[in-house]
Structures are given as C-alpha cells and as structure tokens.
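Peer 1: Coordinates in input.cif, mmCIF, C-alpha atoms, are listed below.
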data_run
loop_
_atom_site.label_atom_id
_atom_site.label_comp_id
_atom_site.auth_asym_id
_atom_site.auth_seq_id
_atom_site.Cartn_x
_atom_site.Cartn_y
_atom_site.Cartn_z
CA MET A 1 17.39 13.96 11.94
CA ARG A 2 19.25 12.12 9.19
CA GLN A 3 16.57 9.40 9.11
CA LEU A 4 13.85 12.02 8.78
CA SER A 5 15.73 13.65 5.92
CA MET A 6 16.04 10.32 4.13
CA ILE A 7 12.32 9.66 4.58
CA LEU A 8 11.56 13.09 3.13
CA ILE A 9 13.83 12.42 0.17
CA ILE A 10 11.84 9.29 -0.58
CA LEU A 11 8.53 11.13 -0.17
CA VAL A 12 9.56 13.95 -2.48
CA ALA A 13 10.89 11.47 -5.00
CA LEU A 14 7.48 9.82 -4.97
CA ALA A 15 5.80 13.22 -5.18
CA ALA A 16 8.00 14.35 -8.07
CA PRO A 17 5.76 15.74 -10.74
CA ALA A 18 3.71 13.20 -12.60
CA LEU A 19 4.07 14.80 -15.97
CA ALA A 20 1.05 15.90 -17.92
CA ALA A 21 0.33 14.32 -21.31
CA ASP A 22 2.49 16.93 -23.03
CA GLY A 23 5.49 16.05 -20.81
CA GLN A 24 5.48 19.27 -18.79
CA ALA A 25 4.97 19.63 -15.06
CA THR A 26 1.88 21.57 -14.04
CA CYS A 27 1.52 24.09 -11.24
CA ALA A 28 -0.31 21.46 -9.18
CA ASP A 29 2.62 19.05 -9.67
CA VAL A 30 5.13 21.59 -8.39
CA TYR A 31 2.80 22.60 -5.53
CA GLN A 32 2.83 18.98 -4.38
CA ILE A 33 6.62 19.19 -3.97
CA TYR A 34 6.27 22.46 -2.02
CA GLN A 35 3.71 20.85 0.29
CA VAL A 36 5.79 17.71 0.98
CA CYS A 37 8.86 19.84 1.74
CA TYR A 38 6.75 22.15 3.93
CA ASP A 39 5.45 19.18 5.92
CA GLY A 40 9.01 17.91 6.35
CA GLY A 41 10.27 21.33 7.43
CA LYS A 42 7.85 21.33 10.34
CA ALA A 43 9.85 18.45 11.84
CA MET A 44 13.40 19.74 11.35
CA ASP A 45 15.64 22.76 11.59
CA ALA A 46 17.21 24.98 8.92
CA GLN A 47 20.26 22.73 8.66
CA GLY A 48 17.97 19.78 7.96
CA CYS A 49 16.31 21.75 5.17
CA ASP A 50 19.70 22.53 3.63
CA TYR A 51 20.55 18.82 3.69
CA LEU A 52 17.18 17.90 2.22
CA VAL A 53 17.42 20.41 -0.64
CA GLN A 54 21.02 19.43 -1.43
CA ALA A 55 20.04 15.77 -1.54
CA LEU A 56 16.91 16.37 -3.61
CA GLY A 57 18.36 18.86 -6.06
CA PRO A 58 19.95 16.32 -8.39
CA LYS A 59 16.83 14.12 -8.26
CA LEU A 60 14.48 16.96 -9.18
CA LEU A 61 16.81 18.45 -11.77
CA GLY A 62 17.37 15.04 -13.34
CA GLU A 63 13.72 13.99 -13.41
CA GLU A 64 12.87 12.82 -16.90
CA GLY A 65 10.75 15.42 -18.63
CA LEU A 66 11.50 18.17 -16.13
CA THR A 67 13.76 20.73 -17.67
CA GLY A 68 14.64 24.37 -17.36
CA PHE A 69 12.05 26.46 -15.59
CA SER A 70 9.99 23.68 -14.02
CA ALA A 71 13.03 21.78 -12.68
CA ALA A 72 14.66 24.87 -11.18
CA LEU A 73 11.30 25.94 -9.78
CA SER A 74 10.82 22.55 -8.14
CA VAL A 75 14.16 22.76 -6.33
CA GLY A 76 13.60 26.37 -5.25
CA LEU A 77 10.11 25.66 -4.02
CA CYS A 78 11.24 22.66 -2.01
CA LYS A 79 13.68 24.99 -0.28
CA ARG A 80 10.93 27.58 0.27
CA GLY A 81 8.46 24.96 1.52
CA CYS A 82 10.94 23.50 3.97
CA ALA A 83 11.94 26.96 5.23
CA ASP A 84 8.28 27.91 5.68
CA GLY A 85 7.75 24.72 7.69
CA VAL A 86 10.83 25.30 9.88
CA THR A 87 9.72 28.85 10.71
CA LYS A 88 6.14 27.66 11.34
CA LYS A 89 4.73 29.96 8.68
CA LYS A 90 1.33 29.03 7.35
CA ALA A 91 1.68 26.94 4.19
CA LEU A 92 0.66 28.62 0.97
CA ASP A 93 -2.70 27.39 -0.25
CA MET A 94 -2.98 26.43 -3.92
CA GLY A 95 -4.54 29.77 -4.91
CA ALA A 96 -1.80 31.86 -3.31
CA PHE A 97 0.86 29.51 -4.63
CA ARG A 98 -0.48 29.72 -8.18
CA LYS A 99 -0.66 33.52 -8.03
CA GLU A 100 2.82 33.95 -6.55
CA PHE A 101 4.78 31.33 -8.47
CA CYS A 102 3.04 29.85 -11.47
CA GLY A 103 1.66 32.77 -13.45
CA SER A 104 1.51 31.78 -17.09
CA GLY A 105 4.75 29.73 -16.91
CA LEU A 106 3.03 26.57 -15.72
CA LYS A 107 -0.43 25.20 -16.46
#
Could you write out this structure as structure tokens?

Peer 2:
Amino acid sequence: MRQLSMILIILVALAAPALAADGQATCADVYQIYQVCYDGGKAMDAQGCDYLVQALGPKLLGEEGLTGFSAALSVGLCKRGCADGVTKKKALDMGAFRKEFCGSGLK
C-alpha cells in the first residue's frame, strides 16, 4: 500500500495544475487532480487516502502560482476524489464537476 501511495504522489505531482497564461489554475487543471486521486482511491482503502492527502497537501499548497482558493480546492478535491474511488462511487464527469465545484471561481 505504501508503494502505491508513493506512486500516486508522483502522479499527482505530475498532474499538478499546469498554470494558464495568467498564472491561475483552471477548472480543468483541478479536475485532473480529482481524477488522478479518484483512480488511486480505487486501489486503496480510506487509510491510504488519508496518507495520500497528507503527503500531497504540502506539495499542492506550495505549488508555484497556486494560492488561496485554487490550492485549497486542489487538496480538498484530491481527498474527495480518493474517497469517491475507495467507495466505488462513479467519478464525476467534467460537466458535473464544473457545476458542483468551479462555478465562477475558476475558469
């Protein structure tokens, strides 16, 4: 389980939002983090998700250009994605994700 968590940390680090030209993460960027964490959650339990989110939190919060709302959202959505994967819930599609989480806060 620890190896899987480390692999997921690397994947999410690689999937960390590629910032738009204006330096802000977009909804699609943050959705990518949700999706990677969801995929990882399908292969672990709730304790694994807790470990993953704790390990990723500083990386996502410290990502250059990610601040405030988008950084906190990224961490929270990784937790949500992993939990959805663990409980075998259907992953949110981009339309539902945008409606539920992005609103006018993210492009």

Peer 1: I need the output of the PyMOL selection byres ((chain A and resi 48) around 10) for this file as a PyMOL selection string; which residues are they?

Peer 2: chain A and resi 1-2+4-5+40-41+43-47+49-54+82-83+86

Peer 1: Could you jot down the CA of Thr26 in chain A to CA of Thr87 in chain A separation for me, Å, one decimal place?

Peer 2: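 CA of Thr87 in chain A lies 27.0 Å from CA of Thr26 in chain A.
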
Peer 1: Skipping near chain neighbours, those fewer than 5 positions away, what residues fall within 10 Å of Lys89 in chain A using all atoms listed in the file, listed as a list in words?

Peer 2: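 Here the qualifying residues turn out to be Tyr38, Lys42, Gly81, Ala83 and Asp84 of chain A.
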
Peer 1: Quick one, how far is CA of Val36 in chain A from CA of Phe97 in chain A?

Peer 2: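 Calculated distance between CA of Val36 in chain A and CA of Phe97 in chain A is 14.0 Å.
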
Peer 1: Determine the nearest neighbour of Cys27 in chain A from the options A:Gly85, A:Ala55, A:Arg80, A:Arg98, counting only C-alpha atoms.

Peer 2: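 Checking each candidate against Cys27 in chain A, we get A:Arg98 as the closest.
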
Peer 1: Provide the CA of Asp93 in chain A to CA of Tyr31 in chain A distance in Å, to one decimal place.

Peer 2: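 Distance reported for this atom pair: 9.0 Å.
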
Peer 1: Fewer than 5 positions away in the same chain doesn't count, so skip those; otherwise give me all residues within 12 Å of Gly95 in chain A, counting only C-alpha atoms, as a PyMOL selection string.

Peer 2: chain A and resi 27-28+31+100-103
